[in-house]
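Novice: Before we start, here is the structure in question, set down as structure tokens.
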Protein chains: 2
Amino acid sequence: MIRLHVEAPLFGGAVVEATADQAHYLTRVMRLGPGDAVSLFNGVDGQWRARLAEAGRKAWRLVAEDLERPQIPPLDLDLVVALVKRARLETIVEKASELGVGRVRLMLTERTNADHTNIERLAAIAAEAAEQCERLSVPPVLAPIRLADLLASWPAERRLMFCDEAGDAPPAARALAGAPRPAGAWAVLIGPEGGFSPQERAAIRAVPGAVPVALGPRILRADTAAIAALAIWQSGLGDWEGT
Amino acid sequence: MIRLHVEAPLFGGAVVEATADQAHYLTRVMRLGPGDAVSLFNGVDGQWRARLAEAGRKAWRLVAEDLERPQIPPLDLDLVVALVKRARLETIVEKASELGVGRVRLMLTERTNADHTNIERLAAIAAEAAEQCERLSVPPVLAPIRLADLLASWPAERRLMFCDEAGDAPPAARALAGAPRPAGAWAVLIGPEGGFSPQERAAIRAVPGAVPVALGPRILRADTAAIAALAIWQSGLGDWEGT
């Protein structure tokens, strides 16, 4: 079943105009026609079965009919990741969406070379991954923020799984084993390929809810570290247990 | 420190001819010259500090001097993965190397479209990842084999973490919690994007050491599933605990 993320409200009878990209995808790539069924979700109203209808030259709309899955709130899990090379950052965003992250926050650090990225493209990657993996929401991708600013405004209640390659942190699963359940608000933090500076490390560890963790004896690239950390968090504290 | 995987034996005074690619990388990309230090490993003799020496026109050799790290045996962990699209397969091999896999086995299944791949390129990706992540061996990448043949010759003592998206398997961490330690011989098995057929699933589950596991409520792409499963295996049964 084809699933599309839309911005419009969804309810029985709701009419949603397909974007040009969506219309192209549905009618040209997937070769659907009037009356064919598609599933829609918007992150708020659950997943709805909808029917495709023609609405003029190259214009298509989708009419929501029945609720297929009620909305469930996304996990309150941020992925905070340094700006790394484009291909690896795109991998990270795709995988974060697949692995149920609630929000992706981009971060600038002392050893981050880039200072900007194509947020729209990352948002499109997050949406496509969400459509394919069957989640009911798309994680927003927030504009880059300096690590110092991020830490200065860190909410007291949000715990922070700090993937700390510098050595003395306990292994991830053991470090998370004592965390309260249900998990509540968390973030997973992944540094740049060059690591954090000693001052940055100290500042991160000083966050009240910081949980430094190690990801094994090998040096992981940023994308590998992000996926591994998210999998272990999900496995121990996330929504994997209920499946 | 630059690390290179070589095939030659390593010992104090061993002379290793650099391949053309290695010579180019060392002298042109990294701009090293005679007398500069490089680390070498071959999967058997540990990691050795070596010095670069010129040996004629465009020919370079490396002379091993001191043992930097003694050899440790790689984990006895196979990754068995269906032939998926090239880019995703390359990601899987890179990440498997980073995550300490001992051997990558490629598999053909009923729903695998491809029947061949560029093994040399995958081997080069595994080697480069091993050089960067500081492991002391490169996981071999074996030629594709049919799932039925793989199962028919499955060794009785090798346990099999079967990433089974079809629903009723327990979550990965819980499924692995009761496994004996030290872990011994294991494999992680990841199917094609279209999943296994019911017959294939039944055959895999019939392997005496099979441990079916679920990787959460979302549908993961093959590369995401492979990385997530390897991270959870390492976290629970592998070499992460000792770090």
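How things are named: the first chain in the structure tokens is A, the next is B, and so on; residues count from 1 in each chain; ligands count from 1 in the order shown.
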Write out as an NGL selection string the set of residues from segment 47-226 of chain B that DSSP, computed on the backbone, places in strand (DSSP E or B).

Specialist: :B and (47-54 or 60-69 or 77-82 or 103-108 or 141-146 or 159-163 or 171 or 186-190 or 210-214)

Novice: Residues as selected, N, CA and C atoms, written as a short mmCIF file (atom, residue, chain, number, x, y, z; two decimals), in the first residue's frame, can you do that?

Specialist:
```cif
data_model
loop_
_atom_site.label_atom_id
_atom_site.label_comp_id
_atom_site.auth_asym_id
_atom_site.auth_seq_id
_atom_site.Cartn_x
_atom_site.Cartn_y
_atom_site.Cartn_z
N GLN B 47 49.45 -5.17 14.75
CA GLN B 47 49.70 -3.90 14.04
C GLN B 47 51.14 -3.47 14.25
N TRP B 48 51.81 -3.13 13.16
CA TRP B 48 53.23 -2.77 13.18
C TRP B 48 53.43 -1.36 12.69
N ARG B 49 54.30 -0.65 13.39
CA ARG B 49 54.76 0.65 12.87
C ARG B 49 55.79 0.38 11.80
N ALA B 50 55.63 1.06 10.67
CA ALA B 50 56.54 0.84 9.54
C ALA B 50 56.99 2.19 8.99
N ARG B 51 58.10 2.18 8.27
CA ARG B 51 58.63 3.40 7.63
C ARG B 51 58.54 3.25 6.12
N LEU B 52 58.19 4.36 5.51
CA LEU B 52 58.09 4.38 4.05
C LEU B 52 59.49 4.55 3.45
N ALA B 53 59.75 3.81 2.36
CA ALA B 53 61.05 3.93 1.68
C ALA B 53 60.81 3.87 0.19
N GLU B 54 61.60 4.65 -0.56
CA GLU B 54 61.47 4.66 -2.01
C GLU B 54 62.25 3.47 -2.56
N TRP B 60 57.32 1.97 -4.04
CA TRP B 60 57.52 2.27 -2.62
C TRP B 60 57.40 0.98 -1.83
N ARG B 61 58.16 0.94 -0.75
CA ARG B 61 58.02 -0.20 0.14
C ARG B 61 57.89 0.33 1.57
N LEU B 62 57.43 -0.57 2.43
CA LEU B 62 57.24 -0.24 3.84
C LEU B 62 58.04 -1.24 4.65
N VAL B 63 58.81 -0.73 5.59
CA VAL B 63 59.65 -1.60 6.41
C VAL B 63 59.09 -1.61 7.83
N ALA B 64 58.64 -2.78 8.27
CA ALA B 64 58.06 -2.90 9.61
C ALA B 64 59.14 -2.78 10.66
N GLU B 65 58.83 -2.03 11.72
CA GLU B 65 59.85 -1.82 12.77
C GLU B 65 59.41 -2.39 14.11
N ASP B 66 58.30 -1.87 14.64
CA ASP B 66 57.91 -2.25 16.00
C ASP B 66 56.45 -2.68 16.06
N LEU B 67 56.19 -3.67 16.88
CA LEU B 67 54.81 -4.11 17.11
C LEU B 67 54.10 -3.04 17.94
N GLU B 68 53.01 -2.52 17.41
CA GLU B 68 52.24 -1.51 18.16
C GLU B 68 51.10 -2.14 18.95
N ARG B 69 50.44 -3.12 18.35
CA ARG B 69 49.32 -3.78 19.02
C ARG B 69 49.36 -5.26 18.67
N LEU B 77 31.67 -13.85 14.27
CA LEU B 77 30.34 -13.33 13.94
C LEU B 77 30.24 -13.15 12.44
N ASP B 78 29.38 -13.94 11.82
CA ASP B 78 29.08 -13.76 10.39
C ASP B 78 27.91 -12.79 10.24
N LEU B 79 27.98 -11.96 9.23
CA LEU B 79 26.77 -11.28 8.77
C LEU B 79 26.35 -11.97 7.49
N VAL B 80 25.13 -12.49 7.48
CA VAL B 80 24.57 -13.12 6.28
C VAL B 80 23.52 -12.18 5.75
N VAL B 81 23.72 -11.71 4.53
CA VAL B 81 22.84 -10.66 4.02
C VAL B 81 22.46 -10.96 2.58
N ALA B 82 21.18 -10.75 2.27
CA ALA B 82 20.71 -10.95 0.90
C ALA B 82 21.31 -9.88 -0.01
N ARG B 103 33.06 -11.95 9.20
CA ARG B 103 32.93 -12.46 7.83
C ARG B 103 31.58 -12.02 7.29
N VAL B 104 31.55 -11.59 6.05
CA VAL B 104 30.28 -11.22 5.40
C VAL B 104 29.94 -12.31 4.39
N ARG B 105 28.77 -12.88 4.52
CA ARG B 105 28.30 -13.89 3.56
C ARG B 105 27.12 -13.33 2.79
N LEU B 106 27.19 -13.38 1.48
CA LEU B 106 26.10 -12.89 0.64
C LEU B 106 25.18 -14.04 0.29
N MET B 107 23.91 -13.75 0.17
CA MET B 107 22.89 -14.78 0.07
C MET B 107 21.89 -14.45 -1.04
N LEU B 108 21.46 -15.49 -1.76
CA LEU B 108 20.40 -15.35 -2.76
C LEU B 108 19.14 -15.99 -2.19
N VAL B 141 34.63 -11.05 2.32
CA VAL B 141 33.28 -11.01 1.75
C VAL B 141 33.17 -12.22 0.82
N LEU B 142 32.29 -13.15 1.17
CA LEU B 142 32.19 -14.41 0.42
C LEU B 142 31.20 -14.28 -0.74
N ALA B 143 31.42 -15.06 -1.77
CA ALA B 143 30.56 -15.04 -2.95
C ALA B 143 29.13 -15.45 -2.57
N PRO B 144 28.15 -14.97 -3.33
CA PRO B 144 26.75 -15.28 -3.00
C PRO B 144 26.47 -16.78 -3.05
N ILE B 145 25.61 -17.20 -2.15
CA ILE B 145 25.21 -18.62 -2.06
C ILE B 145 23.70 -18.64 -1.85
N ARG B 146 23.06 -19.68 -2.38
CA ARG B 146 21.60 -19.77 -2.20
C ARG B 146 21.27 -20.07 -0.74
N ARG B 159 25.09 -20.22 16.25
CA ARG B 159 23.78 -19.64 16.49
C ARG B 159 23.46 -18.60 15.42
N LEU B 160 22.16 -18.36 15.27
CA LEU B 160 21.69 -17.55 14.15
C LEU B 160 20.65 -16.54 14.63
N MET B 161 21.06 -15.28 14.69
CA MET B 161 20.12 -14.20 15.03
C MET B 161 19.35 -13.86 13.76
N PHE B 162 18.12 -14.31 13.71
CA PHE B 162 17.30 -14.20 12.51
C PHE B 162 16.40 -12.97 12.64
N CYS B 163 16.71 -11.94 11.88
CA CYS B 163 15.93 -10.70 11.94
C CYS B 163 14.67 -10.91 11.13
N PRO B 171 11.40 -9.03 20.88
CA PRO B 171 12.35 -7.95 20.60
C PRO B 171 13.79 -8.45 20.75
N TRP B 186 28.40 -17.15 16.07
CA TRP B 186 27.10 -16.57 15.77
C TRP B 186 27.04 -16.10 14.33
N ALA B 187 25.81 -15.90 13.86
CA ALA B 187 25.58 -15.18 12.61
C ALA B 187 24.36 -14.29 12.80
N VAL B 188 24.36 -13.16 12.11
CA VAL B 188 23.19 -12.28 12.03
C VAL B 188 22.68 -12.39 10.60
N LEU B 189 21.40 -12.67 10.45
CA LEU B 189 20.84 -12.89 9.11
C LEU B 189 19.79 -11.84 8.76
N ILE B 190 20.01 -11.17 7.64
CA ILE B 190 19.14 -10.08 7.18
C ILE B 190 18.62 -10.43 5.78
N ALA B 210 18.75 -21.25 15.73
CA ALA B 210 18.09 -20.02 15.28
C ALA B 210 17.44 -19.28 16.45
N VAL B 211 17.63 -17.97 16.51
CA VAL B 211 17.00 -17.11 17.49
C VAL B 211 16.27 -16.00 16.71
N PRO B 212 14.97 -16.19 16.46
CA PRO B 212 14.25 -15.13 15.74
C PRO B 212 14.13 -13.89 16.61
N VAL B 213 14.34 -12.73 16.01
CA VAL B 213 14.26 -11.48 16.76
C VAL B 213 13.47 -10.46 15.94
N ALA B 214 12.83 -9.54 16.65
CA ALA B 214 12.15 -8.41 16.00
C ALA B 214 12.96 -7.15 16.24
#
```

Novice: Would you mind listing, as number ranges by chain, all residues of chain A that have at least one atom within 6 Å of chain B, where only C-alpha atoms are what counts?

Specialist: A: 133-134, 171, 216-219, 228, 231-232, 240-241, 243

Novice: A:Ala203, A:Ala23, A:Ala148, A:Glu165: which is nearest Arg57 of chain A, counting only C-alpha atoms?

Specialist: A:Ala23

Novice: Would you mind telling me which residue in B:Ala177, B:Ala183, B:Ala152, B:Val138 lies nearest to Ala206 of chain B when using only C-alpha atoms?

Specialist: B:Ala152

Novice: Between A:Thr112, A:Thr19, A:Ser137, A:Thr27, which is the closest to Asp45 of chain A once you count only C-alpha atoms?

Specialist: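 Distance minimum relative to Asp45 of chain A lands on A:Ser137.
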
Novice: Write out as an mmCIF file with N, CA and C atoms, in the first residue's frame the set of residues from segment 101-240 of chain B that DSSP, computed on the backbone, places in alpha helix (DSSP H).

Specialist:
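Saved file selection_13.cif follows:
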```cif
data_model
loop_
_atom_site.group_PDB
_atom_site.id
_atom_site.type_symbol
_atom_site.label_atom_id
_atom_site.label_comp_id
_atom_site.auth_asym_id
_atom_site.auth_seq_id
_atom_site.Cartn_x
_atom_site.Cartn_y
_atom_site.Cartn_z
ATOM 1 N N ILE B 119 32.357 -8.409 -6.009
ATOM 2 C CA ILE B 119 32.954 -8.822 -4.735
ATOM 3 C C ILE B 119 34.246 -8.051 -4.452
ATOM 4 N N GLU B 120 35.030 -7.792 -5.486
ATOM 5 C CA GLU B 120 36.298 -7.088 -5.266
ATOM 6 C C GLU B 120 36.034 -5.697 -4.687
ATOM 7 N N ARG B 121 35.006 -5.045 -5.230
ATOM 8 C CA ARG B 121 34.697 -3.705 -4.715
ATOM 9 C C ARG B 121 34.227 -3.789 -3.270
ATOM 10 N N LEU B 122 33.395 -4.775 -2.959
ATOM 11 C CA LEU B 122 32.939 -4.914 -1.574
ATOM 12 C C LEU B 122 34.119 -5.204 -0.646
ATOM 13 N N ALA B 123 35.062 -6.033 -1.131
ATOM 14 C CA ALA B 123 36.244 -6.348 -0.308
ATOM 15 C C ALA B 123 37.067 -5.092 -0.058
ATOM 16 N N ALA B 124 37.186 -4.239 -1.077
ATOM 17 C CA ALA B 124 37.943 -2.996 -0.901
ATOM 18 C C ALA B 124 37.255 -2.078 0.104
ATOM 19 N N ILE B 125 35.921 -2.052 0.074
ATOM 20 C CA ILE B 125 35.171 -1.237 1.041
ATOM 21 C C ILE B 125 35.372 -1.766 2.456
ATOM 22 N N ALA B 126 35.349 -3.087 2.598
ATOM 23 C CA ALA B 126 35.571 -3.691 3.917
ATOM 24 C C ALA B 126 36.965 -3.351 4.433
ATOM 25 N N ALA B 127 37.961 -3.381 3.532
ATOM 26 C CA ALA B 127 39.341 -3.094 3.942
ATOM 27 C C ALA B 127 39.489 -1.636 4.355
ATOM 28 N N GLU B 128 38.917 -0.736 3.571
ATOM 29 C CA GLU B 128 39.051 0.681 3.901
ATOM 30 C C GLU B 128 38.375 0.991 5.240
ATOM 31 N N ALA B 129 37.210 0.390 5.454
ATOM 32 C CA ALA B 129 36.527 0.615 6.738
ATOM 33 C C ALA B 129 37.361 0.051 7.885
ATOM 34 N N ALA B 130 37.981 -1.104 7.671
ATOM 35 C CA ALA B 130 38.817 -1.698 8.725
ATOM 36 C C ALA B 130 40.008 -0.794 9.024
ATOM 37 N N GLU B 131 40.617 -0.232 7.987
ATOM 38 C CA GLU B 131 41.749 0.676 8.188
ATOM 39 C C GLU B 131 41.340 1.877 9.025
ATOM 40 N N GLN B 132 40.146 2.399 8.773
ATOM 41 C CA GLN B 132 39.718 3.616 9.454
ATOM 42 C C GLN B 132 39.219 3.368 10.867
ATOM 43 N N CYS B 133 38.657 2.184 11.110
ATOM 44 C CA CYS B 133 38.002 1.984 12.414
ATOM 45 C C CYS B 133 38.937 1.358 13.438
ATOM 46 N N LEU B 147 20.177 -19.476 -0.273
ATOM 47 C CA LEU B 147 19.765 -19.685 1.121
ATOM 48 C C LEU B 147 19.637 -21.172 1.432
ATOM 49 N N ALA B 148 19.054 -21.934 0.526
ATOM 50 C CA ALA B 148 18.862 -23.368 0.782
ATOM 51 C C ALA B 148 20.205 -24.069 0.991
ATOM 52 N N ASP B 149 21.196 -23.698 0.179
ATOM 53 C CA ASP B 149 22.520 -24.313 0.330
ATOM 54 C C ASP B 149 23.180 -23.872 1.637
ATOM 55 N N LEU B 150 22.967 -22.619 1.966
ATOM 56 C CA LEU B 150 23.522 -22.092 3.217
ATOM 57 C C LEU B 150 22.967 -22.865 4.408
ATOM 58 N N LEU B 151 21.659 -23.065 4.408
ATOM 59 C CA LEU B 151 21.031 -23.747 5.548
ATOM 60 C C LEU B 151 21.403 -25.228 5.574
ATOM 61 N N ALA B 152 21.538 -25.815 4.388
ATOM 62 C CA ALA B 152 21.867 -27.257 4.336
ATOM 63 C C ALA B 152 23.237 -27.538 4.941
ATOM 64 N N ALA B 172 14.690 -7.892 19.954
ATOM 65 C CA ALA B 172 16.042 -8.434 19.834
ATOM 66 C C ALA B 172 16.754 -8.566 21.179
ATOM 67 N N ALA B 173 16.737 -7.508 21.981
ATOM 68 C CA ALA B 173 17.515 -7.550 23.217
ATOM 69 C C ALA B 173 16.995 -8.655 24.142
ATOM 70 N N ARG B 174 15.672 -8.798 24.200
ATOM 71 C CA ARG B 174 15.108 -9.830 25.072
ATOM 72 C C ARG B 174 15.422 -11.224 24.531
ATOM 73 N N ALA B 175 15.349 -11.357 23.188
ATOM 74 C CA ALA B 175 15.615 -12.665 22.578
ATOM 75 C C ALA B 175 17.050 -13.115 22.832
ATOM 76 N N LEU B 176 17.977 -12.151 22.896
ATOM 77 C CA LEU B 176 19.389 -12.504 23.085
ATOM 78 C C LEU B 176 19.778 -12.622 24.555
ATOM 79 N N ALA B 177 18.903 -12.156 25.453
ATOM 80 C CA ALA B 177 19.303 -12.040 26.856
ATOM 81 C C ALA B 177 19.704 -13.378 27.460
ATOM 82 N N PRO B 198 7.275 -17.562 3.026
ATOM 83 C CA PRO B 198 6.905 -18.368 4.204
ATOM 84 C C PRO B 198 7.735 -19.642 4.320
ATOM 85 N N GLN B 199 8.045 -20.275 3.188
ATOM 86 C CA GLN B 199 8.855 -21.488 3.216
ATOM 87 C C GLN B 199 10.267 -21.181 3.717
ATOM 88 N N GLU B 200 10.822 -20.084 3.236
ATOM 89 C CA GLU B 200 12.164 -19.700 3.680
ATOM 90 C C GLU B 200 12.186 -19.399 5.179
ATOM 91 N N ARG B 201 11.178 -18.652 5.628
ATOM 92 C CA ARG B 201 11.102 -18.348 7.069
ATOM 93 C C ARG B 201 11.081 -19.614 7.893
ATOM 94 N N ALA B 202 10.258 -20.568 7.470
ATOM 95 C CA ALA B 202 10.146 -21.815 8.230
ATOM 96 C C ALA B 202 11.482 -22.555 8.233
ATOM 97 N N ALA B 203 12.171 -22.548 7.088
ATOM 98 C CA ALA B 203 13.448 -23.255 7.009
ATOM 99 C C ALA B 203 14.497 -22.596 7.906
ATOM 100 N N ILE B 204 14.484 -21.277 7.958
ATOM 101 C CA ILE B 204 15.464 -20.578 8.803
ATOM 102 C C ILE B 204 15.163 -20.859 10.270
ATOM 103 N N ARG B 205 13.896 -20.784 10.622
ATOM 104 C CA ARG B 205 13.533 -21.025 12.023
ATOM 105 C C ARG B 205 13.814 -22.463 12.449
ATOM 106 N N ALA B 222 17.004 -2.781 4.505
ATOM 107 C CA ALA B 222 17.976 -3.837 4.808
ATOM 108 C C ALA B 222 19.233 -3.273 5.467
ATOM 109 N N ASP B 223 19.709 -2.118 5.014
ATOM 110 C CA ASP B 223 20.934 -1.588 5.613
ATOM 111 C C ASP B 223 20.700 -1.139 7.054
ATOM 112 N N THR B 224 19.552 -0.507 7.303
ATOM 113 C CA THR B 224 19.226 -0.099 8.669
ATOM 114 C C THR B 224 19.109 -1.319 9.573
ATOM 115 N N ALA B 225 18.425 -2.345 9.081
ATOM 116 C CA ALA B 225 18.241 -3.560 9.878
ATOM 117 C C ALA B 225 19.589 -4.204 10.199
ATOM 118 N N ALA B 226 20.480 -4.244 9.223
ATOM 119 C CA ALA B 226 21.782 -4.884 9.443
ATOM 120 C C ALA B 226 22.570 -4.134 10.515
ATOM 121 N N ILE B 227 22.620 -2.827 10.411
ATOM 122 C CA ILE B 227 23.408 -2.038 11.366
ATOM 123 C C ILE B 227 22.782 -2.127 12.755
ATOM 124 N N ALA B 228 21.459 -2.000 12.807
ATOM 125 C CA ALA B 228 20.768 -2.069 14.105
ATOM 126 C C ALA B 228 20.992 -3.428 14.760
ATOM 127 N N ALA B 229 20.858 -4.488 13.997
ATOM 128 C CA ALA B 229 21.004 -5.834 14.563
ATOM 129 C C ALA B 229 22.441 -6.074 15.036
ATOM 130 N N LEU B 230 23.411 -5.645 14.242
ATOM 131 C CA LEU B 230 24.806 -5.839 14.643
ATOM 132 C C LEU B 230 25.122 -5.045 15.912
ATOM 133 N N ALA B 231 24.598 -3.826 16.001
ATOM 134 C CA ALA B 231 24.857 -3.015 17.194
ATOM 135 C C ALA B 231 24.266 -3.685 18.428
ATOM 136 N N ILE B 232 23.071 -4.229 18.295
ATOM 137 C CA ILE B 232 22.431 -4.856 19.453
ATOM 138 C C ILE B 232 23.149 -6.155 19.825
ATOM 139 N N TRP B 233 23.579 -6.911 18.817
ATOM 140 C CA TRP B 233 24.350 -8.127 19.118
ATOM 141 C C TRP B 233 25.648 -7.760 19.831
ATOM 142 N N GLN B 234 26.369 -6.785 19.288
ATOM 143 C CA GLN B 234 27.632 -6.375 19.909
ATOM 144 C C GLN B 234 27.398 -5.879 21.324
ATOM 145 N N SER B 235 26.328 -5.105 21.476
ATOM 146 C CA SER B 235 26.046 -4.517 22.780
ATOM 147 C C SER B 235 25.751 -5.595 23.829
ATOM 148 N N GLY B 236 25.092 -6.655 23.413
ATOM 149 C CA GLY B 236 24.698 -7.676 24.373
ATOM 150 C C GLY B 236 25.663 -8.834 24.482
ATOM 151 N N LEU B 237 26.243 -9.256 23.374
ATOM 152 C CA LEU B 237 27.040 -10.492 23.353
ATOM 153 C C LEU B 237 28.454 -10.305 22.828
#
```

Novice: With only C-alpha atoms as the counted atoms, please give the residues lying no more than 8 Å from Pro9 of chain B, apart from itself and same-chain residues fewer than 3 positions off, as a list of chain:residue names.

Specialist: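 These residues fall inside the cut-off: B:Ala14, B:Asn42, B:Val44, B:Asp45.
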
Novice: Quick one: of B:Thr109, B:Gly46, B:Phe11, B:Leu4, who's nearest to Leu26 of chain B, counting only C-alpha atoms?

Specialist: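 Checking each candidate against Leu26 of chain B, we get B:Leu4 as the closest.
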